[in-house]
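Q: Pasting structure34.txt below, which is compact mmCIF, C-alpha atoms.
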# COMPACT_ATOMS: atom_id res chain seq x y z
CA MET A 1 115.14 138.32 38.65
CA LYS A 2 113.52 135.31 40.30
CA ASN A 3 114.42 134.37 43.87
CA ILE A 4 114.95 130.58 43.77
CA ILE A 5 115.66 128.31 46.73
CA ASN A 6 116.00 124.52 46.97
CA ILE A 7 113.54 122.71 49.24
CA ASP A 8 113.86 119.10 50.41
CA PHE A 9 110.23 117.95 50.35
CA LYS A 10 111.09 114.85 52.34
CA SER A 11 111.61 117.22 55.26
CA TYR A 12 109.23 120.02 54.26
CA THR A 13 105.92 118.19 53.79
CA SER A 14 103.85 116.59 56.54
CA ILE A 15 103.87 113.24 54.70
CA LYS A 16 107.70 113.37 54.51
CA ILE A 17 107.81 112.27 50.87
CA GLY A 18 109.70 114.05 48.10
CA ASN A 19 112.94 115.19 46.54
CA ILE A 20 115.02 118.35 46.58
CA LEU A 21 113.44 120.72 44.06
CA PRO A 22 113.85 124.41 43.09
CA VAL A 23 111.13 126.70 44.44
CA GLU A 24 110.47 130.35 43.60
CA VAL A 25 109.89 132.73 46.51
CA LEU A 26 107.31 135.42 45.72
CA HIS A 27 107.79 138.74 47.48
CA THR A 28 105.26 140.82 45.51
CA PRO A 29 101.88 139.92 43.95
CA ILE A 30 102.15 138.60 40.40
CA SER A 31 99.75 136.57 38.26
CA GLN A 32 99.81 132.81 38.63
CA GLU A 33 101.28 131.85 35.23
CA ASP A 34 101.06 128.11 36.00
CA ARG A 35 102.88 128.39 39.32
CA TYR A 36 101.97 125.88 42.02
CA ILE A 37 101.89 127.43 45.49
CA ILE A 38 102.95 124.81 48.03
CA GLY A 39 102.13 126.65 51.24
CA HIS A 40 103.53 124.96 54.34
CA GLY A 41 103.48 121.47 52.86
CA PHE A 42 100.52 120.06 54.79
CA ASN A 43 98.09 117.85 52.87
CA THR A 44 100.45 118.01 49.88
CA LEU A 45 102.19 115.33 47.81
CA VAL A 46 104.86 116.63 45.44
CA SER A 47 106.14 114.57 42.51
CA PRO A 48 109.91 114.31 41.89
CA GLN A 49 109.16 115.76 38.43
CA ALA A 50 107.13 118.74 39.68
CA LYS A 51 108.02 122.12 38.14
CA HIS A 52 107.01 125.78 38.59
CA LEU A 53 106.76 125.48 42.38
CA ALA A 54 106.50 128.64 44.48
CA ILE A 55 106.01 129.82 48.05
CA LEU A 56 105.05 133.20 49.43
CA GLY A 57 107.72 135.28 51.16
CA HIS A 58 107.63 137.01 54.54
CA ALA A 59 105.78 140.00 53.08
CA PHE A 60 102.63 137.86 53.25
CA ASN A 61 103.08 136.76 56.86
CA ASN A 62 101.12 139.40 58.77
CA ILE A 63 97.76 140.37 60.29
CA GLU A 64 96.32 143.85 59.77
CA PRO A 65 93.09 145.13 61.37
CA LEU A 66 91.01 147.06 58.84
CA PRO A 67 88.89 150.20 59.47
CA ASN A 68 85.73 148.30 58.44
CA GLY A 69 86.11 145.94 61.39
CA MET A 70 87.61 143.08 59.42
CA ILE A 71 91.15 141.72 59.39
CA LYS A 72 93.55 141.33 56.46
CA VAL A 73 95.74 138.24 56.82
CA GLY A 74 98.76 137.32 54.72
CA ALA A 75 98.35 133.96 52.99
CA ALA A 76 101.77 132.77 54.19
CA LEU A 77 100.83 133.14 57.86
CA ASN A 78 100.74 129.99 59.96
CA SER A 79 97.19 129.03 60.89
CA TYR A 80 98.06 128.73 64.58
CA ALA A 81 99.32 132.33 64.63
CA LEU A 82 95.91 133.43 63.34
CA PHE A 83 94.21 131.26 65.97
CA LYS A 84 96.22 132.91 68.76
CA TYR A 85 95.35 136.36 67.40
CA ALA A 86 91.64 135.46 67.30
CA LYS A 87 91.70 134.07 70.81
CA LYS A 88 93.47 137.15 72.16
CA ASN A 89 90.99 139.46 70.43
CA ASN A 90 87.87 137.39 71.21
CA LEU A 91 87.04 136.63 67.57
CA LYS A 92 84.46 134.01 66.63
CA GLY A 93 84.88 131.32 63.97
CA PHE A 94 88.64 130.74 64.21
CA GLU A 95 88.48 128.04 66.91
CA MET A 96 89.10 125.20 64.45
CA LEU A 97 92.49 126.69 63.53
CA SER A 98 93.81 125.45 66.86
CA HIS A 99 93.98 122.00 65.25
CA LEU A 100 94.23 122.74 61.51
CA PRO A 101 97.90 123.13 60.55
CA GLY A 102 99.07 124.91 57.43
CA SER A 103 99.23 128.31 55.81
CA VAL A 104 96.22 130.60 55.77
CA GLY A 105 96.26 130.63 51.96
CA GLY A 106 96.27 126.85 51.80
CA LEU A 107 93.37 126.56 54.22
CA VAL A 108 91.36 129.09 52.22
CA ALA A 109 92.20 127.37 48.91
CA MET A 110 90.63 124.12 50.15
CA ASN A 111 87.95 125.68 52.37
CA ALA A 112 89.41 123.72 55.27
CA GLY A 113 87.36 122.89 58.30
CA MET A 114 86.41 120.40 61.00
CA SER A 115 83.18 118.64 61.86
CA LEU A 116 81.54 117.77 65.15
CA HIS A 117 78.83 115.18 65.71
CA LYS A 118 76.07 116.21 68.10
CA GLN A 119 73.07 113.95 68.69
CA GLY A 120 73.29 112.48 65.22
CA VAL A 121 73.75 115.85 63.52
CA ILE A 122 77.00 116.80 61.79
CA MET A 123 78.05 120.38 62.56
CA ARG A 124 80.57 121.70 60.02
CA TYR A 125 82.92 124.58 60.83
CA GLU A 126 84.71 125.90 57.75
CA ILE A 127 86.81 128.80 56.48
CA SER A 128 83.82 129.91 54.39
CA ASP A 129 81.97 130.77 57.63
CA ILE A 130 84.37 133.62 58.38
CA LEU A 131 85.83 134.54 54.98
CA GLU A 132 84.81 137.86 53.46
CA GLY A 133 87.07 137.48 50.43
CA VAL A 134 90.61 137.18 49.12
CA ILE A 135 93.13 139.43 47.43
CA SER A 136 94.92 138.09 44.36
CA SER A 137 97.06 139.85 41.76
CA SER A 138 93.85 141.06 40.11
CA GLY A 139 92.49 142.60 43.32
CA PHE A 140 89.75 141.78 45.82
CA ILE A 141 87.44 138.81 45.14
CA HIS A 142 84.37 138.46 47.34
CA SER A 143 83.80 135.05 48.91
CA SER A 144 80.46 134.73 47.08
CA LEU A 145 82.40 134.44 43.81
CA LEU A 146 84.71 131.66 45.03
CA GLN A 147 82.05 128.90 44.96
CA LEU A 148 83.12 127.75 48.41
CA ASP A 149 81.87 124.28 49.26
CA TYR A 150 83.06 121.22 51.17
CA ARG A 151 86.87 121.28 50.77
CA THR A 152 86.42 123.33 47.60
CA CYS A 153 87.31 126.85 46.48
CA HIS A 154 87.36 128.00 42.86
CA ILE A 155 90.07 130.54 42.15
CA ASP A 156 92.43 130.68 39.18
CA ASP A 157 95.00 132.98 40.75
CA ILE A 158 97.33 133.01 43.75
CA ILE A 159 95.81 134.03 47.07
CA TYR A 160 98.03 136.70 48.66
CA TYR A 161 95.73 137.87 51.44
CA ALA A 162 92.51 136.70 53.03
CA ILE A 163 89.96 139.14 54.44
CA PHE A 164 88.15 137.71 57.46
CA LYS A 165 85.11 138.85 59.39
CA ALA A 166 86.05 139.93 62.91
CA ASN A 167 82.91 139.01 64.82
CA LYS A 168 83.26 138.87 68.59
CA GLY A 169 82.59 135.75 70.67
CA PHE A 170 85.51 133.29 70.79
CA ARG A 171 84.19 129.84 71.85
CA ALA A 172 86.66 127.96 74.05
CA GLU A 173 84.33 124.97 74.25
CA LEU A 174 84.81 124.36 70.52
CA VAL A 175 88.58 124.28 70.95
CA HIS A 176 88.21 121.50 73.54
CA ALA A 177 85.83 119.59 71.26
CA PHE A 178 88.25 119.80 68.32
CA GLN A 179 91.07 118.67 70.59
CA LYS A 180 89.17 115.48 71.41
CA ILE A 181 88.84 114.73 67.70
CA ARG A 182 92.55 115.20 67.08
CA ARG A 183 93.43 112.85 69.94
CA LYS A 184 91.63 110.05 68.11
CA GLN A 185 93.59 110.57 64.90
CA PRO A 186 96.78 108.64 64.04
CA ASN A 187 100.28 109.86 64.77
CA GLY A 188 103.04 109.65 62.19
CA ALA A 189 103.82 111.31 58.88
CA SER A 190 100.58 111.76 56.96
CA PHE A 191 98.50 114.21 54.93
CA GLY A 192 95.72 114.24 57.46
CA SER A 193 92.64 113.01 55.61
CA ALA A 194 93.60 111.48 52.28
CA PHE A 195 90.12 111.68 50.72
CA LYS A 196 87.11 113.94 51.04
CA ASN A 197 84.05 112.39 52.63
CA PRO A 198 81.39 111.57 50.00
CA PRO A 199 77.89 112.96 50.60
CA LYS A 200 76.23 111.21 53.56
CA ASP A 201 79.15 108.82 54.05
CA PHE A 202 82.74 108.66 55.28
CA ALA A 203 85.85 107.91 53.25
CA GLY A 204 87.38 106.04 56.19
CA ARG A 205 84.37 103.73 56.46
CA LEU A 206 84.47 102.96 52.73
CA ILE A 207 88.22 102.28 52.71
CA GLU A 208 87.84 99.98 55.72
CA SER A 209 84.88 98.22 54.09
CA VAL A 210 87.02 97.19 51.08
CA GLY A 211 89.74 95.71 53.28
CA LEU A 212 92.33 98.46 53.09
CA LYS A 213 92.47 99.53 56.74
CA GLY A 214 96.06 98.82 57.80
CA LYS A 215 96.97 97.79 54.23
CA SER A 216 100.58 98.48 53.22
CA MET A 217 102.02 99.09 49.79
CA GLY A 218 105.77 99.43 49.97
CA ASN A 219 106.54 101.98 52.67
CA VAL A 220 103.05 103.50 52.96
CA CYS A 221 99.88 102.18 54.56
CA PHE A 222 96.37 103.15 55.52
CA SER A 223 96.36 103.55 59.29
CA GLU A 224 95.00 100.79 61.53
CA GLN A 225 93.55 103.58 63.67
CA HIS A 226 91.75 105.55 60.93
CA ALA A 227 91.52 104.16 57.41
CA ASN A 228 91.42 107.59 55.73
CA PHE A 229 94.92 108.42 56.98
CA LEU A 230 97.74 107.37 54.66
CA ILE A 231 100.91 106.93 56.73
CA ASN A 232 104.54 107.08 55.65
CA LYS A 233 106.17 104.18 57.49
CA GLY A 234 109.62 105.54 56.59
CA ASN A 235 111.47 106.34 53.34
CA ALA A 236 108.28 106.17 51.28
CA HIS A 237 108.31 107.24 47.63
CA PHE A 238 105.85 109.33 45.65
CA HIS A 239 104.64 106.46 43.48
CA GLU A 240 103.99 104.22 46.49
CA ALA A 241 101.61 106.82 47.88
CA ILE A 242 99.96 107.37 44.48
CA ASN A 243 99.50 103.64 43.94
CA LEU A 244 97.85 103.09 47.31
CA LEU A 245 95.54 106.07 46.81
CA GLU A 246 94.56 104.74 43.39
CA GLU A 247 93.97 101.26 44.82
CA ALA A 248 91.55 102.72 47.37
CA LYS A 249 89.67 104.63 44.66
CA ARG A 250 89.43 101.51 42.48
CA ARG A 251 88.20 99.20 45.24
CA VAL A 252 85.66 101.66 46.61
CA PHE A 253 84.28 102.36 43.16
CA ASP A 254 84.07 98.65 42.29
CA SER A 255 82.26 97.88 45.56
CA PHE A 256 80.05 100.94 46.06
CA GLY A 257 80.02 102.88 42.78
CA ILE A 258 81.50 105.87 44.63
CA MET A 259 84.54 107.64 43.20
CA LEU A 260 86.61 108.96 46.08
CA GLU A 261 88.08 112.42 45.56
CA GLU A 262 91.48 113.25 47.02
CA GLU A 263 91.62 115.84 49.76
CA VAL A 264 95.40 115.77 49.50
CA VAL A 265 96.76 118.15 46.84
CA ILE A 266 98.91 116.21 44.37
CA ILE A 267 101.43 118.28 42.39
CA GLN A 268 102.91 116.36 39.44
What's the C-alpha cells form of this structure?

A:
Amino acid sequence: MKNIINIDFKSYTSIKIGNILPVEVLHTPISQEDRYIIGHGFNTLVSPQAKHLAILGHAFNNIEPLPNGMIKVGAALNSYALFKYAKKNNLKGFEMLSHLPGSVGGLVAMNAGMSLHKQGVIMRYEISDILEGVISSSGFIHSSLLQLDYRTCHIDDIIYYAIFKANKGFRAELVHAFQKIRRKQPNGASFGSAFKNPPKDFAGRLIESVGLKGKSMGNVCFSEQHANFLINKGNAHFHEAINLLEEAKRRVFDSFGIMLEEEVVIIQ
C-alpha cells in the first residue's frame, strides 16, 4: 500500500510557487515507473497539474562509512549535513555544499556545483569530482556511466544512495570563497540560477543584454541584482514563472541565436 501525504508546494519549494498535491513517500527502493522525485524543493517548479510525485523517506537520510574508504550517503540527506560530516572528517571536495542547498540525490541528479574565477580562469567544482557512483533499484552504477557534465547527469532510475570518494584534505579557503559568491546573489524566493550558462558565456549577461534584468511579469521578475535569478515577488503562479522563462529564451535566441536551457527542474 502506498504511503501518500499532501504537500503544499507554495511552502515547500524555494520559489514558493505551487498548490497542495498528493506525494508518495518511498521507504524502500523500487523502480521509477514514471515517478518524479522532488527532493527538498530547491531549483524546482511544480505545475498545479503535476502527478506521480514522490519523495524519499527517512530510510535514505544517513551517512555510512564503507570498508573501501568511501562513504555511502542517502539521497534524502540534506546537503549541509553532508558538508558538516565532511568538514568534521577532513574530506576534500565537499566544500561547495556549504552553500548549495538541497537533497544529496537532487544535487547528484543535476551534477550541481559552483564556479570560482581566478585570474581570468573559471574553476569549476562539481559533484562529479567526488562521486564514485550511485545506487538505484537496479544496483550500483559507476559515475563513468552517468555521462556527468555541466549540470547534467543521465540516469533513468531513482537515486537512493550516492557513493562518494573520501579523500582527505578539507579546504576551508574554498568555503570562504563560495561564501563571497553567495553574498552577491539576490535574496528572496527563487530557484537559484534559472538557466544554465551557455558555453563561454553567462545566462545572466544574455538576459540583461535583451532588457529583462528587473523585468516583471505578473508576480515574478528577473532580479535587478542578478538577471539569472527569477524572483517570486509574492503570490506568484506557475504560469507566470513559465511565461517569463519562455520570454527570456525567446529574446535571447532572437538576439544571439543561443537557446537557453533551464537549470530549474520543471515538473508538469

Q: Step by step: start from the point (102.7, 105.8, 57.5) in the file's coordinates, keep every protein, DNA or RNA residue that has an atom no farther than 12 Å from it, count only C-alpha atoms, and write the set as a tab-separated table (two decimals) with C-alpha atoms, in the coordinates of the input.

A:
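So part.tsv came out as:
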chain	number	residue	atom	x	y	z
A	14	SER	CA	103.85	116.59	56.54
A	15	ILE	CA	103.87	113.24	54.70
A	16	LYS	CA	107.70	113.37	54.51
A	17	ILE	CA	107.81	112.27	50.87
A	186	PRO	CA	96.78	108.64	64.04
A	187	ASN	CA	100.28	109.86	64.77
A	188	GLY	CA	103.04	109.65	62.19
A	189	ALA	CA	103.82	111.31	58.88
A	190	SER	CA	100.58	111.76	56.96
A	191	PHE	CA	98.50	114.21	54.93
A	192	GLY	CA	95.72	114.24	57.46
A	194	ALA	CA	93.60	111.48	52.28
A	214	GLY	CA	96.06	98.82	57.80
A	215	LYS	CA	96.97	97.79	54.23
A	216	SER	CA	100.58	98.48	53.22
A	217	MET	CA	102.02	99.09	49.79
A	218	GLY	CA	105.77	99.43	49.97
A	219	ASN	CA	106.54	101.98	52.67
A	220	VAL	CA	103.05	103.50	52.96
A	221	CYS	CA	99.88	102.18	54.56
A	222	PHE	CA	96.37	103.15	55.52
A	223	SER	CA	96.36	103.55	59.29
A	224	GLU	CA	95.00	100.79	61.53
A	225	GLN	CA	93.55	103.58	63.67
A	226	HIS	CA	91.75	105.55	60.93
A	227	ALA	CA	91.52	104.16	57.41
A	228	ASN	CA	91.42	107.59	55.73
A	229	PHE	CA	94.92	108.42	56.98
A	230	LEU	CA	97.74	107.37	54.66
A	231	ILE	CA	100.91	106.93	56.73
A	232	ASN	CA	104.54	107.08	55.65
A	233	LYS	CA	106.17	104.18	57.49
A	234	GLY	CA	109.62	105.54	56.59
A	235	ASN	CA	111.47	106.34	53.34
A	236	ALA	CA	108.28	106.17	51.28
A	237	HIS	CA	108.31	107.24	47.63
A	240	GLU	CA	103.99	104.22	46.49
A	241	ALA	CA	101.61	106.82	47.88
A	244	LEU	CA	97.85	103.09	47.31

Q: Can you pull out the residues contacting Met114 of chain A? Cut-off 9 Å, using only C-alpha atoms, and skip same-chain residues under 6 positions away; I want them as a list in words.

A: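 The residues satisfying every condition are Met96, His99, Leu100, Met123, Arg124, Tyr125, Glu126 and Phe178 of chain A.
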
Q: Which residues are near Ile130 of chain A? Cut-off 9 Å, all atoms listed in the file, ignore same chain within fewer than 5 positions. Put them as a ChimeraX atom specification.

A: /A:92-94,163-167

Q: Quick one: pull the distance between atom CA of Ile38 of chain A and atom CA of Ile55 of chain A, Å, one decimal.

A: 5.9 Å

Q: Would you kindly return, as an MDAnalysis selection string, each protein, DNA or RNA residue with an atom no farther than 10 Å from any atom of Gly18 of chain A, considering all atoms listed in the file and excluding same-chain residues fewer than 3 positions away?

A: chainID A and resid 7:13 15 21 45:50 235:238

Q: Can you work out which one of A:Met1, A:Ile158, A:Leu116, A:Val23 has the shortest atom-to-atom distance to Gln179 of chain A, counting all atoms listed in the file?

A: A:Leu116

Q: Please compute the atom CA of Gly41 of chain A-atom CA of Arg250 of chain A distance, one decimal, in Å.

A: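 Atom CA of Arg250 of chain A lies 26.5 Å from atom CA of Gly41 of chain A.
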
Q: To one decimal in Å, tell me the separation between atom CA of Val134 of chain A and atom CA of Ile159 of chain A.

A: 6.4 Å

Q: So, counting all atoms listed in the file, which residue among A:Tyr36, A:Phe83, A:Phe195, A:Tyr161 is closest to Gln268 of chain A?

A: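 Residue with the minimum atom-to-atom distance to Gln268 of chain A: A:Tyr36.
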
Q: From the list A:Val121, A:Asn19, A:Asp156, A:Asp254, which residue is nearest Ser138 of chain A when using only C-alpha atoms?

A: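 Residue with the minimum atom-to-atom distance to Ser138 of chain A: A:Asp156.
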
Q: With distances taken over only C-alpha atoms, which residue among A:Ser144, A:Thr44, A:Ser209, A:Ser31 lies nearest Val252 of chain A?

A: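 Closest to Val252 of chain A of all the choices is A:Ser209.
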
Q: Using all atoms listed in the file, pick whichever of A:Asn111, A:Pro198, A:Gly133, A:Tyr150 has the shortest atom-to-atom distance to Gly257 of chain A.

A: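 So, comparing all the options, the nearest one is A:Pro198.
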
Q: Could you list as a list in words every residue that has an atom within 12 Å of (103.5, 137.9, 38.1), using the file's coordinates and counting all atoms listed in the file?

A: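 Collected hits near the coordinates: Met1, Lys2, Glu24, Val25, Leu26, His27, Thr28, Pro29, Ile30, Ser31, Gln32, Glu33, Asp34, Arg35, Ala54, Ser136, Ser137, Ser138, Asp157, Ile158 and Tyr160 of chain A.
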
Q: With a distance cut-off of 12 Å and only C-alpha atoms, select the neighbouring residues of Arg251 of chain A, excluding the residue or stretch itself and same-chain residues fewer than 3 positions from it, and output the selection as a ChimeraX atom specification.

A: /A:206-212,244-248,254-260

Q: Which one of A:Asn43, A:Ser98, A:Asn243, A:Ser115 sits closest to Ser79 of chain A if you count only C-alpha atoms?

A: A:Ser98

Q: Env of Lys196 of chain A: 7 Å cut, atoms = only C-alpha atoms, seq-sep filter 5 positions within chain, self excluded. Answer as a list in words.

A: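 Final neighbour list, sorted by chain and number: Ala203, Glu261, Glu262 and Glu263 of chain A.
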
Q: Quick one: write out the picked residues with C-alpha atoms as an mmCIF file, in the coordinates of the input?

A:
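Written output follows (out.cif):
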data_model
loop_
_atom_site.group_PDB
_atom_site.id
_atom_site.type_symbol
_atom_site.label_atom_id
_atom_site.label_comp_id
_atom_site.auth_asym_id
_atom_site.auth_seq_id
_atom_site.Cartn_x
_atom_site.Cartn_y
_atom_site.Cartn_z
ATOM 1 C CA ALA A 203 85.850 107.910 53.250
ATOM 2 C CA GLU A 261 88.080 112.420 45.560
ATOM 3 C CA GLU A 262 91.480 113.250 47.020
ATOM 4 C CA GLU A 263 91.620 115.840 49.760
#

Q: Would you mind putting N, CA and C atoms back on segment 68-91 of chain A and writing the result as a PDB file, in the coordinates of the input?

A:
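File produced: result.pdb:
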ATOM      1  N   ASN A  68      87.111 148.785  58.545  1.00  0.00           N
ATOM      2  CA  ASN A  68      85.730 148.300  58.440  1.00  0.00           C
ATOM      3  C   ASN A  68      85.420 147.190  59.448  1.00  0.00           C
ATOM      4  N   GLY A  69      86.350 146.944  60.370  1.00  0.00           N
ATOM      5  CA  GLY A  69      86.110 145.940  61.390  1.00  0.00           C
ATOM      6  C   GLY A  69      86.514 144.537  61.002  1.00  0.00           C
ATOM      7  N   MET A  70      87.120 144.391  59.849  1.00  0.00           N
ATOM      8  CA  MET A  70      87.610 143.080  59.420  1.00  0.00           C
ATOM      9  C   MET A  70      89.116 143.011  59.611  1.00  0.00           C
ATOM     10  N   ILE A  71      89.702 141.857  59.307  1.00  0.00           N
ATOM     11  CA  ILE A  71      91.150 141.720  59.390  1.00  0.00           C
ATOM     12  C   ILE A  71      91.703 141.191  58.065  1.00  0.00           C
ATOM     13  N   LYS A  72      92.844 141.727  57.684  1.00  0.00           N
ATOM     14  CA  LYS A  72      93.550 141.330  56.460  1.00  0.00           C
ATOM     15  C   LYS A  72      94.726 140.454  56.878  1.00  0.00           C
ATOM     16  N   VAL A  73      94.747 139.221  56.373  1.00  0.00           N
ATOM     17  CA  VAL A  73      95.740 138.240  56.820  1.00  0.00           C
ATOM     18  C   VAL A  73      96.566 137.750  55.640  1.00  0.00           C
ATOM     19  N   GLY A  74      97.879 137.819  55.765  1.00  0.00           N
ATOM     20  CA  GLY A  74      98.760 137.320  54.720  1.00  0.00           C
ATOM     21  C   GLY A  74      98.610 135.822  54.542  1.00  0.00           C
ATOM     22  N   ALA A  75      98.607 135.366  53.290  1.00  0.00           N
ATOM     23  CA  ALA A  75      98.350 133.960  52.990  1.00  0.00           C
ATOM     24  C   ALA A  75      99.474 133.040  53.453  1.00  0.00           C
ATOM     25  N   ALA A  76     100.657 133.591  53.730  1.00  0.00           N
ATOM     26  CA  ALA A  76     101.770 132.770  54.190  1.00  0.00           C
ATOM     27  C   ALA A  76     101.748 132.552  55.703  1.00  0.00           C
ATOM     28  N   LEU A  77     100.859 133.241  56.404  1.00  0.00           N
ATOM     29  CA  LEU A  77     100.830 133.140  57.860  1.00  0.00           C
ATOM     30  C   LEU A  77     100.434 131.743  58.305  1.00  0.00           C
ATOM     31  N   ASN A  78     101.087 131.272  59.365  1.00  0.00           N
ATOM     32  CA  ASN A  78     100.740 129.990  59.960  1.00  0.00           C
ATOM     33  C   ASN A  78      99.356 130.060  60.592  1.00  0.00           C
ATOM     34  N   SER A  79      98.564 129.030  60.393  1.00  0.00           N
ATOM     35  CA  SER A  79      97.190 129.030  60.890  1.00  0.00           C
ATOM     36  C   SER A  79      97.126 129.192  62.411  1.00  0.00           C
ATOM     37  N   TYR A  80      98.100 128.638  63.121  1.00  0.00           N
ATOM     38  CA  TYR A  80      98.060 128.730  64.580  1.00  0.00           C
ATOM     39  C   TYR A  80      98.311 130.169  65.043  1.00  0.00           C
ATOM     40  N   ALA A  81      99.110 130.919  64.292  1.00  0.00           N
ATOM     41  CA  ALA A  81      99.320 132.330  64.630  1.00  0.00           C
ATOM     42  C   ALA A  81      98.015 133.104  64.502  1.00  0.00           C
ATOM     43  N   LEU A  82      97.209 132.781  63.489  1.00  0.00           N
ATOM     44  CA  LEU A  82      95.910 133.430  63.340  1.00  0.00           C
ATOM     45  C   LEU A  82      94.971 133.002  64.470  1.00  0.00           C
ATOM     46  N   PHE A  83      95.026 131.735  64.841  1.00  0.00           N
ATOM     47  CA  PHE A  83      94.210 131.260  65.970  1.00  0.00           C
ATOM     48  C   PHE A  83      94.546 132.031  67.245  1.00  0.00           C
ATOM     49  N   LYS A  84      95.816 132.198  67.540  1.00  0.00           N
ATOM     50  CA  LYS A  84      96.220 132.910  68.760  1.00  0.00           C
ATOM     51  C   LYS A  84      95.743 134.369  68.723  1.00  0.00           C
ATOM     52  N   TYR A  85      95.827 134.988  67.550  1.00  0.00           N
ATOM     53  CA  TYR A  85      95.350 136.360  67.400  1.00  0.00           C
ATOM     54  C   TYR A  85      93.844 136.430  67.684  1.00  0.00           C
ATOM     55  N   ALA A  86      93.091 135.473  67.116  1.00  0.00           N
ATOM     56  CA  ALA A  86      91.640 135.460  67.300  1.00  0.00           C
ATOM     57  C   ALA A  86      91.273 135.231  68.758  1.00  0.00           C
ATOM     58  N   LYS A  87      91.972 134.336  69.403  1.00  0.00           N
ATOM     59  CA  LYS A  87      91.700 134.070  70.810  1.00  0.00           C
ATOM     60  C   LYS A  87      91.973 135.306  71.665  1.00  0.00           C
ATOM     61  N   LYS A  88      93.099 135.955  71.410  1.00  0.00           N
ATOM     62  CA  LYS A  88      93.470 137.150  72.160  1.00  0.00           C
ATOM     63  C   LYS A  88      92.470 138.268  71.969  1.00  0.00           C
ATOM     64  N   ASN A  89      91.905 138.359  70.761  1.00  0.00           N
ATOM     65  CA  ASN A  89      90.990 139.460  70.430  1.00  0.00           C
ATOM     66  C   ASN A  89      89.521 139.040  70.461  1.00  0.00           C
ATOM     67  N   ASN A  90      89.245 137.857  71.016  1.00  0.00           N
ATOM     68  CA  ASN A  90      87.870 137.390  71.210  1.00  0.00           C
ATOM     69  C   ASN A  90      87.087 137.327  69.909  1.00  0.00           C
ATOM     70  N   LEU A  91      87.686 136.725  68.872  1.00  0.00           N
ATOM     71  CA  LEU A  91      87.040 136.630  67.570  1.00  0.00           C
ATOM     72  C   LEU A  91      86.429 135.254  67.361  1.00  0.00           C
TER      73      LEU A  91
END
